[in-house]
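Heads up, input38.csv below (CSV, C-alpha atoms):
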chain,number,residue,atom,x,y,z
A,772,MET,CA,0.0,0.0,0.0
A,773,ASN,CA,2.9,2.3,0.7
A,774,ASN,CA,4.3,1.7,-2.8
A,775,VAL,CA,0.9,2.4,-4.3
A,776,SER,CA,0.6,5.6,-2.3
A,777,GLU,CA,4.1,6.7,-3.4
A,778,ALA,CA,3.3,5.9,-7.0
A,779,ILE,CA,0.1,7.9,-6.9
A,780,GLN,CA,2.0,10.9,-5.6
A,781,GLY,CA,3.9,11.0,-8.8
A,782,VAL,CA,0.7,11.5,-10.8
A,783,PRO,CA,0.6,15.2,-11.6
A,784,LEU,CA,-2.5,17.1,-11.0
A,785,ASN,CA,-3.0,17.7,-14.7
A,786,TYR,CA,-4.1,14.1,-15.2
A,787,TYR,CA,-6.9,14.5,-12.7
A,788,ILE,CA,-8.0,17.7,-14.4
A,789,TRP,CA,-8.2,15.8,-17.8
A,790,LEU,CA,-10.0,12.9,-16.3
A,791,SER,CA,-12.6,15.1,-14.6
A,792,THR,CA,-13.0,17.1,-17.8
A,793,THR,CA,-13.7,14.0,-19.8
A,794,LEU,CA,-16.2,12.7,-17.2
A,795,PHE,CA,-18.0,16.0,-17.2
A,796,VAL,CA,-18.2,16.2,-21.0
A,797,ILE,CA,-19.5,12.7,-21.1
A,798,GLY,CA,-22.2,13.8,-18.7
A,799,VAL,CA,-23.1,16.8,-20.8
A,800,LEU,CA,-23.2,14.7,-23.9
A,801,GLY,CA,-25.6,12.3,-22.2
A,802,VAL,CA,-27.9,15.1,-21.1
A,803,LEU,CA,-28.0,16.5,-24.6
A,804,TYR,CA,-28.2,13.1,-26.4
A,805,ARG,CA,-30.8,11.1,-24.6
A,806,ARG,CA,-34.5,11.7,-24.1
A,807,ASN,CA,-35.1,9.4,-21.2
A,808,VAL,CA,-35.4,11.2,-17.9
A,809,ILE,CA,-33.7,8.5,-15.9
A,810,ILE,CA,-30.7,8.6,-18.1
A,811,ILE,CA,-30.5,12.3,-17.9
A,812,PHE,CA,-30.5,12.0,-14.1
A,813,MET,CA,-27.7,9.5,-14.3
A,814,CYS,CA,-25.7,11.9,-16.4
A,815,ILE,CA,-26.2,14.6,-13.9
A,816,GLU,CA,-24.8,12.3,-11.3
A,817,LEU,CA,-21.8,11.7,-13.6
A,818,MET,CA,-21.2,15.4,-13.8
A,819,LEU,CA,-21.4,15.8,-10.0
A,820,ASN,CA,-18.9,12.9,-9.7
A,821,ALA,CA,-16.5,14.6,-12.0
A,822,VAL,CA,-16.5,17.7,-9.9
A,823,ASN,CA,-16.1,15.6,-6.7
A,824,LEU,CA,-13.1,13.8,-8.1
A,825,LEU,CA,-11.5,17.0,-9.0
A,826,MET,CA,-12.1,18.5,-5.6
A,827,VAL,CA,-10.7,15.4,-3.9
A,828,ALA,CA,-7.6,15.6,-6.1
A,829,PHE,CA,-7.0,19.2,-5.3
A,830,SER,CA,-7.6,18.6,-1.6
A,831,ALA,CA,-5.1,15.8,-1.5
A,832,HIS,CA,-2.5,17.7,-3.4
A,833,HIS,CA,-2.8,20.8,-1.3
A,834,ASN,CA,-3.2,18.9,1.9
A,835,GLU,CA,-6.3,20.8,2.7
A,836,GLY,CA,-9.3,19.2,4.3
A,837,SER,CA,-12.1,21.5,3.4
A,838,GLY,CA,-12.4,20.2,-0.2
A,839,GLN,CA,-13.3,16.7,1.1
A,840,VAL,CA,-15.9,18.2,3.5
A,841,PHE,CA,-17.4,20.0,0.5
A,842,VAL,CA,-17.5,16.7,-1.4
A,843,PHE,CA,-19.3,15.2,1.5
A,844,PHE,CA,-21.9,18.0,1.3
A,845,ILE,CA,-22.2,17.6,-2.5
A,846,MET,CA,-23.0,13.9,-2.0
A,847,ALA,CA,-25.7,14.7,0.5
A,848,VAL,CA,-27.3,17.2,-1.9
A,849,ALA,CA,-27.0,14.7,-4.8
A,850,ALA,CA,-28.8,12.1,-2.7
A,851,ALA,CA,-31.6,14.5,-1.9
A,852,GLU,CA,-31.9,15.6,-5.5
A,853,VAL,CA,-32.1,12.0,-6.7
A,854,ALA,CA,-34.8,11.1,-4.2
A,855,VAL,CA,-37.0,14.0,-5.0
A,856,GLY,CA,-36.4,13.7,-8.7
A,857,LEU,CA,-37.3,10.1,-8.9
A,858,ALA,CA,-40.4,10.6,-6.9
A,859,ILE,CA,-41.5,13.3,-9.4
A,860,LEU,CA,-40.6,11.0,-12.2
A,861,ILE,CA,-42.8,8.3,-10.9
A,862,VAL,CA,-45.7,10.7,-10.6
A,863,ILE,CA,-45.1,11.9,-14.1
A,864,TYR,CA,-45.0,8.4,-15.4
A,865,ASN,CA,-48.3,7.6,-13.8
A,866,ASN,CA,-49.8,10.6,-15.5
A,867,THR,CA,-48.3,10.3,-19.0
A,868,LYS,CA,-47.1,6.7,-19.2
A,869,SER,CA,-43.8,7.8,-20.6
A,870,THR,CA,-40.4,9.1,-19.5
A,871,ASP,CA,-39.9,11.1,-22.6
A,872,ILE,CA,-38.8,14.6,-21.9
A,873,ASN,CA,-40.5,16.0,-25.0
A,874,ILE,CA,-43.9,15.3,-23.5
A,875,LEU,CA,-43.0,17.6,-20.6
A,876,ASN,CA,-42.2,20.7,-22.6
A,877,LYS,CA,-45.4,22.5,-21.6
A,878,LEU,CA,-45.1,21.8,-17.8
A,879,LYS,CA,-48.7,20.8,-17.7
A,880,TRP,CA,-50.9,18.1,-19.1
B,2,MET,CA,-21.3,3.2,-22.3
B,3,VAL,CA,-23.5,5.0,-19.8
B,4,VAL,CA,-24.8,7.3,-22.6
B,5,PHE,CA,-25.0,5.1,-25.6
B,6,SER,CA,-26.4,1.8,-24.2
B,7,ARG,CA,-29.9,1.3,-25.2
B,8,ASN,CA,-31.2,-0.7,-22.3
B,9,PRO,CA,-31.6,1.5,-19.1
B,10,ILE,CA,-30.5,-1.5,-16.9
B,11,TYR,CA,-27.2,-1.6,-18.7
B,12,ASN,CA,-26.8,2.1,-18.3
B,13,VAL,CA,-27.2,1.8,-14.5
B,14,LEU,CA,-24.7,-1.1,-14.4
B,15,TYR,CA,-22.1,0.8,-16.4
B,16,LEU,CA,-22.7,3.8,-14.1
B,17,VAL,CA,-22.0,1.6,-11.1
B,18,ILE,CA,-18.7,0.5,-12.7
B,19,THR,CA,-17.8,4.2,-13.3
B,20,PHE,CA,-18.6,5.0,-9.7
B,21,LEU,CA,-16.5,2.2,-8.4
B,22,CYS,CA,-13.6,3.5,-10.5
B,23,VAL,CA,-14.1,7.0,-9.1
B,24,GLY,CA,-14.2,5.4,-5.6
B,25,GLY,CA,-10.9,3.7,-6.4
B,26,HIS,CA,-9.4,7.1,-7.2
B,27,TYR,CA,-10.6,8.4,-3.9
B,28,LEU,CA,-8.9,5.5,-2.1
B,29,LEU,CA,-5.7,6.2,-4.0
B,30,LEU,CA,-5.8,9.8,-3.1
B,31,SER,CA,-5.9,8.7,0.5
B,32,ALA,CA,-9.5,9.9,1.1
B,33,ASP,CA,-10.6,6.8,3.0
B,34,PHE,CA,-13.7,8.3,4.6
B,35,LEU,CA,-14.9,9.7,1.3
B,36,PHE,CA,-14.3,6.3,-0.4
B,37,ALA,CA,-16.6,4.6,2.2
B,38,VAL,CA,-19.3,7.3,1.9
B,39,HIS,CA,-19.1,7.2,-1.9
B,40,ILE,CA,-19.5,3.5,-2.1
B,41,ILE,CA,-22.4,3.5,0.4
B,42,VAL,CA,-24.2,6.5,-1.0
B,43,TYR,CA,-23.7,6.1,-4.7
B,44,ALA,CA,-23.3,2.4,-5.4
B,45,GLY,CA,-25.5,1.4,-2.5
B,46,ALA,CA,-28.3,3.9,-2.3
B,47,ILE,CA,-28.6,5.9,-5.5
B,48,MET,CA,-28.1,3.1,-7.9
B,49,VAL,CA,-30.5,0.9,-6.1
B,50,LEU,CA,-33.0,3.7,-6.3
B,51,PHE,CA,-32.4,4.0,-10.0
B,52,LEU,CA,-32.8,0.2,-10.6
B,53,TYR,CA,-35.9,0.1,-8.4
B,54,VAL,CA,-37.5,2.9,-10.4
B,55,ILE,CA,-36.6,1.3,-13.7
B,56,MET,CA,-38.0,-2.0,-12.7
B,57,LEU,CA,-41.1,-0.4,-11.1
B,58,LEU,CA,-41.8,1.5,-14.3
B,59,ASN,CA,-41.0,-1.5,-16.4
B,60,LEU,CA,-38.7,0.4,-18.7
B,61,ASN,CA,-36.2,-2.4,-19.3
B,62,LYS,CA,-37.3,-2.9,-22.8
B,63,GLU,CA,-36.4,-0.5,-25.6
B,64,THR,CA,-39.4,1.8,-25.7
B,65,GLU,CA,-37.5,5.1,-25.9
B,66,PRO,CA,-38.2,7.0,-29.1
B,67,GLN,CA,-35.0,8.3,-30.5
B,68,LYS,CA,-34.2,11.8,-31.3
B,69,ASN,CA,-33.7,12.5,-34.9
B,70,THR,CA,-30.1,12.6,-36.3
B,71,PHE,CA,-29.9,16.3,-36.4
B,72,PHE,CA,-30.2,16.6,-32.7
B,73,LYS,CA,-27.8,13.8,-32.2
B,74,PHE,CA,-25.2,15.4,-34.3
B,75,ALA,CA,-25.9,18.7,-32.6
B,76,ALA,CA,-25.4,17.1,-29.2
B,77,ILE,CA,-22.1,15.5,-30.2
B,78,ILE,CA,-20.8,18.6,-31.7
B,79,THR,CA,-21.8,20.7,-28.7
B,80,ALA,CA,-20.1,18.3,-26.3
B,81,GLY,CA,-17.0,18.3,-28.5
B,82,LEU,CA,-16.9,22.1,-28.5
B,83,LEU,CA,-17.3,22.2,-24.8
B,84,MET,CA,-14.4,19.7,-24.4
B,85,ILE,CA,-12.2,21.9,-26.7
B,86,VAL,CA,-13.1,25.0,-24.7
B,87,ILE,CA,-12.3,23.4,-21.3
B,88,VAL,CA,-9.1,21.9,-22.6
B,89,GLY,CA,-8.0,25.2,-24.1
B,90,ALA,CA,-8.8,27.1,-21.0
B,91,LEU,CA,-7.0,24.6,-18.7
B,92,ARG,CA,-4.0,24.2,-20.9
B,93,ALA,CA,-3.1,27.9,-20.4
B,94,SER,CA,-3.6,27.7,-16.7
B,95,GLU,CA,-0.7,25.2,-16.4
B,96,ALA,CA,-1.4,23.7,-13.0
B,97,ALA,CA,1.9,23.6,-11.3
B,98,MET,CA,3.3,20.5,-9.7
B,99,VAL,CA,2.1,20.9,-6.2
B,100,ALA,CA,4.3,19.2,-3.7
B,101,PHE,CA,2.4,16.2,-2.4
B,102,ASP,CA,2.7,16.1,1.3
B,103,ASN,CA,4.1,12.8,2.5
B,104,HIS,CA,2.1,12.8,5.8
B,105,ASN,CA,-1.1,13.2,4.0
B,106,ASN,CA,-3.8,11.8,6.3
B,107,ILE,CA,-6.5,14.4,6.1
B,108,GLY,CA,-8.8,11.9,4.5
B,109,LEU,CA,-9.0,9.8,7.6
B,110,VAL,CA,-12.2,9.8,9.7
B,111,LYS,CA,-10.6,11.5,12.7
B,112,ASN,CA,-9.2,14.5,11.0
B,113,LEU,CA,-12.1,15.0,8.7
B,114,GLY,CA,-14.6,14.6,11.6
B,115,LYS,CA,-12.7,17.2,13.6
B,116,MET,CA,-12.9,19.6,10.6
B,117,LEU,CA,-16.5,18.8,9.9
B,118,PHE,CA,-17.7,19.4,13.4
B,119,ASN,CA,-15.6,22.5,14.2
B,120,GLU,CA,-15.4,24.7,11.1
B,121,PHE,CA,-18.3,23.3,9.1
B,122,LEU,CA,-20.9,22.7,11.8
B,123,LEU,CA,-23.5,25.1,10.4
B,124,PRO,CA,-23.4,23.7,6.8
B,125,PHE,CA,-23.6,20.2,8.3
B,126,GLU,CA,-26.8,21.1,10.1
B,127,ILE,CA,-28.2,22.8,7.0
B,128,VAL,CA,-27.5,19.7,5.0
B,129,SER,CA,-29.4,17.6,7.6
B,130,LEU,CA,-32.3,20.0,7.2
B,131,LEU,CA,-32.1,19.6,3.4
B,132,LEU,CA,-32.2,15.9,3.7
B,133,LEU,CA,-35.2,16.0,5.9
B,134,THR,CA,-37.0,18.3,3.5
B,135,ALA,CA,-36.2,16.0,0.6
B,136,MET,CA,-37.4,13.0,2.5
B,137,VAL,CA,-40.7,14.8,3.4
B,138,GLY,CA,-41.1,15.9,-0.2
B,139,ALA,CA,-40.5,12.4,-1.6
B,140,VAL,CA,-43.0,10.9,0.8
B,141,MET,CA,-45.6,13.5,-0.1
B,142,LEU,CA,-45.2,12.8,-3.8
B,143,GLY,CA,-45.4,9.1,-3.2
B,144,LYS,CA,-48.5,9.5,-1.1
B,145,ASN,CA,-50.4,11.4,-3.8
B,146,HIS,CA,-49.3,8.7,-6.2
B,147,MET,CA,-50.7,6.0,-4.0
B,148,LYS,CA,-54.0,7.8,-3.7
B,149,ARG,CA,-54.3,8.1,-7.4
B,150,VAL,CA,-53.5,4.4,-7.9
B,151,LYS,CA,-56.1,3.5,-5.4
B,152,GLU,CA,-58.7,5.7,-7.1
B,153,VAL,CA,-57.9,4.0,-10.5
B,154,ALA,CA,-58.2,0.6,-8.9
B,155,LYS,CA,-61.6,1.6,-7.5
B,156,ASN,CA,-62.7,2.8,-10.8
B,157,LYS,CA,-61.9,-0.5,-12.3
B,158,ASN,CA,-63.5,-2.6,-9.6
B,159,GLY,CA,-66.9,-0.9,-8.9
B,160,ARG,CA,-67.7,1.8,-11.3
B,161,ALA,CA,-71.4,1.8,-10.4
B,162,THR,CA,-70.7,2.7,-6.8
B,163,ILE,CA,-67.9,5.1,-7.4
B,164,SER,CA,-70.1,8.2,-7.6
B,165,THR,CA,-72.0,7.5,-4.4
B,166,LEU,CA,-69.1,6.5,-2.2
B,167,PRO,CA,-66.9,9.3,-0.8
B,168,VAL,CA,-63.3,8.9,-1.4
B,169,GLN,CA,-61.8,6.7,1.1
B,170,PRO,CA,-58.8,8.0,3.1
B,171,VAL,CA,-55.6,6.2,2.2
B,172,LYS,CA,-54.7,5.3,5.7
B,173,GLU,CA,-54.7,1.6,5.2
B,174,LEU,CA,-52.2,2.1,2.4
B,175,THR,CA,-49.8,4.4,4.1
B,176,HIS,CA,-49.7,3.3,7.7
B,177,GLU,CA,-47.9,0.1,8.5

What does this structure look like when you write it as structure tokens?
Amino acid sequence: MNNVSEAIQGVPLNYYIWLSTTLFVIGVLGVLYRRNVIIIFMCIELMLNAVNLLMVAFSAHHNEGSGQVFVFFIMAVAAAEVAVGLAILIVIYNNTKSTDINILNKLKW
Amino acid sequence: MVVFSRNPIYNVLYLVITFLCVGGHYLLLSADFLFAVHIIVYAGAIMVLFLYVIMLLNLNKETEPQKNTFFKFAAIITAGLLMIVIVGALRASEAAMVAFDNHNNIGLVKNLGKMLFNEFLLPFEIVSLLLLTAMVGAVMLGKNHMKRVKEVAKNKNGRATISTLPVQPVKELTHE
């Protein structure tokens, strides 16, 4: 474990920035590409995770704990968002029998 | 894979794999507490919630109407442009090689807990209030849904008596 930990210290911060950027762009692509609301939710989770990973990387490299505390808060907010969003999604599905977002473009039925 | 897979179940499973990889990065960055929380919350709770909703709504077959190709090309081009913009902006920033502290143990539960309950006590309490609010909201939405399902079932069963009967309270569905 010490060897692994020393090896990961050699990884520059730039690589984490690229990885987070890639994850974030994949999330944006998913939001734009798909029409299923569940998959759009999952892509939003992916974007939140990209930001979380970048914050943890910066926090570890700067030896500063507040980034990890913020990641903890982001996780709590994401959990709340998913719970409420999926409840809304179930209600919408029972009204329209679909999870297509183009049905919802009037915000009424 | 998360984006392009047709079956929503496979999307969720690929997303679980992605989350496990991100959790591995947390562990390698010596953020042990965040690794545990990440695995429990994301892979444990949120993904189960997604799978449960997908199976509840019976979406596992391919029923999704696809966007036309113009929108697909527009989405791919937009995402590519965003990637180019972010890469171009970050290339100029040239993040310096920050010296990685050798005694890096801020990710442990002890140090993180001290920081969480000293400096960040007020946001912690606000987050707890937010979670409570989200729980109440989700339960309210689910309760309306149960009432509607029950009315639909009643319409199917006795449609002659539905006009005379008052709407039954839903207590027998909600209390356990």

CA of Val848 in chain A to CA of Val54 in chain B: how many Å, to one decimal?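 About the pair CA of Val848 in chain A and CA of Val54 in chain B: they are 19.5 Å apart.
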
12 Å contact set for Glu852 in chain A, only C-alpha atoms, chain neighbours under 3 positions out, as a list in words: Phe812, Met813, Ile815, Glu816, Leu819, Ile845, Met846, Ala847, Val848, Ala849, Val855, Gly856, Leu857, Ala858, Ile859 and Leu860 of chain A; Ile47, Leu50, Leu131, Leu132, Leu133, Thr134, Ala135, Met136, Gly138 and Ala139 of chain B

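Compared by their closest atoms to Glu120 in chain B, and using all atoms listed in the file, the residues A:Ala821, A:Ile797, A:Val802, A:Phe841 rank with A:Phe841 nearest.
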
Taking all atoms listed in the file into account, name the residue in B:Leu142, B:Ala46, B:Ala80, B:Leu35 that is nearest to Phe844 in chain A.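 Looking only at the distances to Phe844 in chain A, the closest residue turns out to be B:Leu35.
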
Quick one: distance from CA of Leu28 in chain B to CA of Met116 in chain B in Å, one decimal?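 That distance, rounded to one decimal, is 19.4 Å.
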
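Atom pair CA of Phe74 in chain B / CA of Thr792 in chain A has a distance of 20.6 Å (rounded to one decimal).
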
Counting all atoms listed in the file, the option among B:Met147, B:Leu123, B:Ala76, B:Leu82 closest to chain A: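 Once distances to chain A are computed over all atoms listed in the file, the minimum belongs to B:Ala76.
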
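Checking A:Val822, A:Asn873, A:Ile863, A:Ala831 one by one against chain B, counting all atoms listed in the file, you find the shortest gap at A:Ala831.
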
With distances taken over all atoms listed in the file, which residue among B:Val128, B:Leu117, B:Val88, B:Ala32 lies nearest Phe795 in chain A?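 Answer, going by the shortest atom-to-atom distance: B:Val88.
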
Got a sec: who's within 10 Å of Met826 in chain A, counting all atoms listed in the file, leaving out chain neighbours fewer than 5 positions off, as an mmCIF file with C-alpha atoms, in the coordinates of the input?
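Below is the file part.cif, written as the result:
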data_model
loop_
_atom_site.group_PDB
_atom_site.id
_atom_site.type_symbol
_atom_site.label_atom_id
_atom_site.label_comp_id
_atom_site.auth_asym_id
_atom_site.auth_seq_id
_atom_site.Cartn_x
_atom_site.Cartn_y
_atom_site.Cartn_z
ATOM 1 C CA TYR A 787 -6.900 14.500 -12.700
ATOM 2 C CA ILE A 788 -8.000 17.700 -14.400
ATOM 3 C CA SER A 791 -12.600 15.100 -14.600
ATOM 4 C CA ASN A 820 -18.900 12.900 -9.700
ATOM 5 C CA ALA A 821 -16.500 14.600 -12.000
ATOM 6 C CA ALA A 831 -5.100 15.800 -1.500
ATOM 7 C CA HIS A 832 -2.500 17.700 -3.400
ATOM 8 C CA SER A 837 -12.100 21.500 3.400
ATOM 9 C CA GLY A 838 -12.400 20.200 -0.200
ATOM 10 C CA GLN A 839 -13.300 16.700 1.100
ATOM 11 C CA VAL A 840 -15.900 18.200 3.500
ATOM 12 C CA PHE A 841 -17.400 20.000 0.500
ATOM 13 C CA VAL A 842 -17.500 16.700 -1.400
#

Which residue of A:Ser830, A:Arg806, A:Leu790, A:Gly836 approaches Ser869 in chain A most closely, using only C-alpha atoms: A:Arg806

Given the point (-21.7, 5.1, 0.3) in the file's coordinates, find the residues that have an atom at most 12 Å from it, counting all atoms listed in the file, and give them as an mmCIF file with C-alpha atoms, in the frame of the given file.
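Dumped everything to selection_38.cif:
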data_model
loop_
_atom_site.group_PDB
_atom_site.id
_atom_site.type_symbol
_atom_site.label_atom_id
_atom_site.label_comp_id
_atom_site.auth_asym_id
_atom_site.auth_seq_id
_atom_site.Cartn_x
_atom_site.Cartn_y
_atom_site.Cartn_z
ATOM 1 C CA PHE A 843 -19.300 15.200 1.500
ATOM 2 C CA MET A 846 -23.000 13.900 -2.000
ATOM 3 C CA ALA A 847 -25.700 14.700 0.500
ATOM 4 C CA ALA A 850 -28.800 12.100 -2.700
ATOM 5 C CA VAL B 17 -22.000 1.600 -11.100
ATOM 6 C CA PHE B 20 -18.600 5.000 -9.700
ATOM 7 C CA LEU B 21 -16.500 2.200 -8.400
ATOM 8 C CA GLY B 24 -14.200 5.400 -5.600
ATOM 9 C CA ASP B 33 -10.600 6.800 3.000
ATOM 10 C CA PHE B 34 -13.700 8.300 4.600
ATOM 11 C CA LEU B 35 -14.900 9.700 1.300
ATOM 12 C CA PHE B 36 -14.300 6.300 -0.400
ATOM 13 C CA ALA B 37 -16.600 4.600 2.200
ATOM 14 C CA VAL B 38 -19.300 7.300 1.900
ATOM 15 C CA HIS B 39 -19.100 7.200 -1.900
ATOM 16 C CA ILE B 40 -19.500 3.500 -2.100
ATOM 17 C CA ILE B 41 -22.400 3.500 0.400
ATOM 18 C CA VAL B 42 -24.200 6.500 -1.000
ATOM 19 C CA TYR B 43 -23.700 6.100 -4.700
ATOM 20 C CA ALA B 44 -23.300 2.400 -5.400
ATOM 21 C CA GLY B 45 -25.500 1.400 -2.500
ATOM 22 C CA ALA B 46 -28.300 3.900 -2.300
ATOM 23 C CA ILE B 47 -28.600 5.900 -5.500
ATOM 24 C CA MET B 48 -28.100 3.100 -7.900
ATOM 25 C CA VAL B 49 -30.500 0.900 -6.100
#

Once N, CA and C atoms are restored for range 837-850 of chain A, what would the output be as a PDB file, in the frame of the given file?
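Just written: out_25.pdb:
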ATOM      1  N   SER A 837     -10.772  20.967   3.593  1.00  0.00           N
ATOM      2  CA  SER A 837     -12.100  21.500   3.400  1.00  0.00           C
ATOM      3  C   SER A 837     -12.694  21.044   2.037  1.00  0.00           C
ATOM      4  N   GLY A 838     -11.846  20.705   1.066  1.00  0.00           N
ATOM      5  CA  GLY A 838     -12.400  20.200  -0.200  1.00  0.00           C
ATOM      6  C   GLY A 838     -13.111  18.874   0.030  1.00  0.00           C
ATOM      7  N   GLN A 839     -12.594  18.023   0.898  1.00  0.00           N
ATOM      8  CA  GLN A 839     -13.300  16.700   1.100  1.00  0.00           C
ATOM      9  C   GLN A 839     -14.566  16.939   1.896  1.00  0.00           C
ATOM     10  N   VAL A 840     -14.599  17.939   2.771  1.00  0.00           N
ATOM     11  CA  VAL A 840     -15.900  18.200   3.500  1.00  0.00           C
ATOM     12  C   VAL A 840     -16.903  18.720   2.461  1.00  0.00           C
ATOM     13  N   PHE A 841     -16.449  19.516   1.500  1.00  0.00           N
ATOM     14  CA  PHE A 841     -17.400  20.000   0.500  1.00  0.00           C
ATOM     15  C   PHE A 841     -17.894  18.836  -0.378  1.00  0.00           C
ATOM     16  N   VAL A 842     -17.027  17.879  -0.664  1.00  0.00           N
ATOM     17  CA  VAL A 842     -17.500  16.700  -1.400  1.00  0.00           C
ATOM     18  C   VAL A 842     -18.530  15.940  -0.654  1.00  0.00           C
ATOM     19  N   PHE A 843     -18.347  15.882   0.659  1.00  0.00           N
ATOM     20  CA  PHE A 843     -19.300  15.200   1.500  1.00  0.00           C
ATOM     21  C   PHE A 843     -20.697  15.943   1.389  1.00  0.00           C
ATOM     22  N   PHE A 844     -20.675  17.285   1.408  1.00  0.00           N
ATOM     23  CA  PHE A 844     -21.900  18.000   1.300  1.00  0.00           C
ATOM     24  C   PHE A 844     -22.541  17.825  -0.104  1.00  0.00           C
ATOM     25  N   ILE A 845     -21.687  17.780  -1.135  1.00  0.00           N
ATOM     26  CA  ILE A 845     -22.200  17.600  -2.500  1.00  0.00           C
ATOM     27  C   ILE A 845     -22.897  16.222  -2.602  1.00  0.00           C
ATOM     28  N   MET A 846     -22.310  15.224  -1.938  1.00  0.00           N
ATOM     29  CA  MET A 846     -23.000  13.900  -2.000  1.00  0.00           C
ATOM     30  C   MET A 846     -24.323  13.935  -1.309  1.00  0.00           C
ATOM     31  N   ALA A 847     -24.440  14.656  -0.198  1.00  0.00           N
ATOM     32  CA  ALA A 847     -25.700  14.700   0.500  1.00  0.00           C
ATOM     33  C   ALA A 847     -26.757  15.436  -0.406  1.00  0.00           C
ATOM     34  N   VAL A 848     -26.340  16.518  -1.043  1.00  0.00           N
ATOM     35  CA  VAL A 848     -27.300  17.200  -1.900  1.00  0.00           C
ATOM     36  C   VAL A 848     -27.665  16.382  -3.111  1.00  0.00           C
ATOM     37  N   ALA A 849     -26.712  15.607  -3.643  1.00  0.00           N
ATOM     38  CA  ALA A 849     -27.000  14.700  -4.800  1.00  0.00           C
ATOM     39  C   ALA A 849     -28.021  13.660  -4.372  1.00  0.00           C
ATOM     40  N   ALA A 850     -27.859  13.119  -3.159  1.00  0.00           N
ATOM     41  CA  ALA A 850     -28.800  12.100  -2.700  1.00  0.00           C
ATOM     42  C   ALA A 850     -30.199  12.669  -2.581  1.00  0.00           C
TER      43      ALA A 850
END
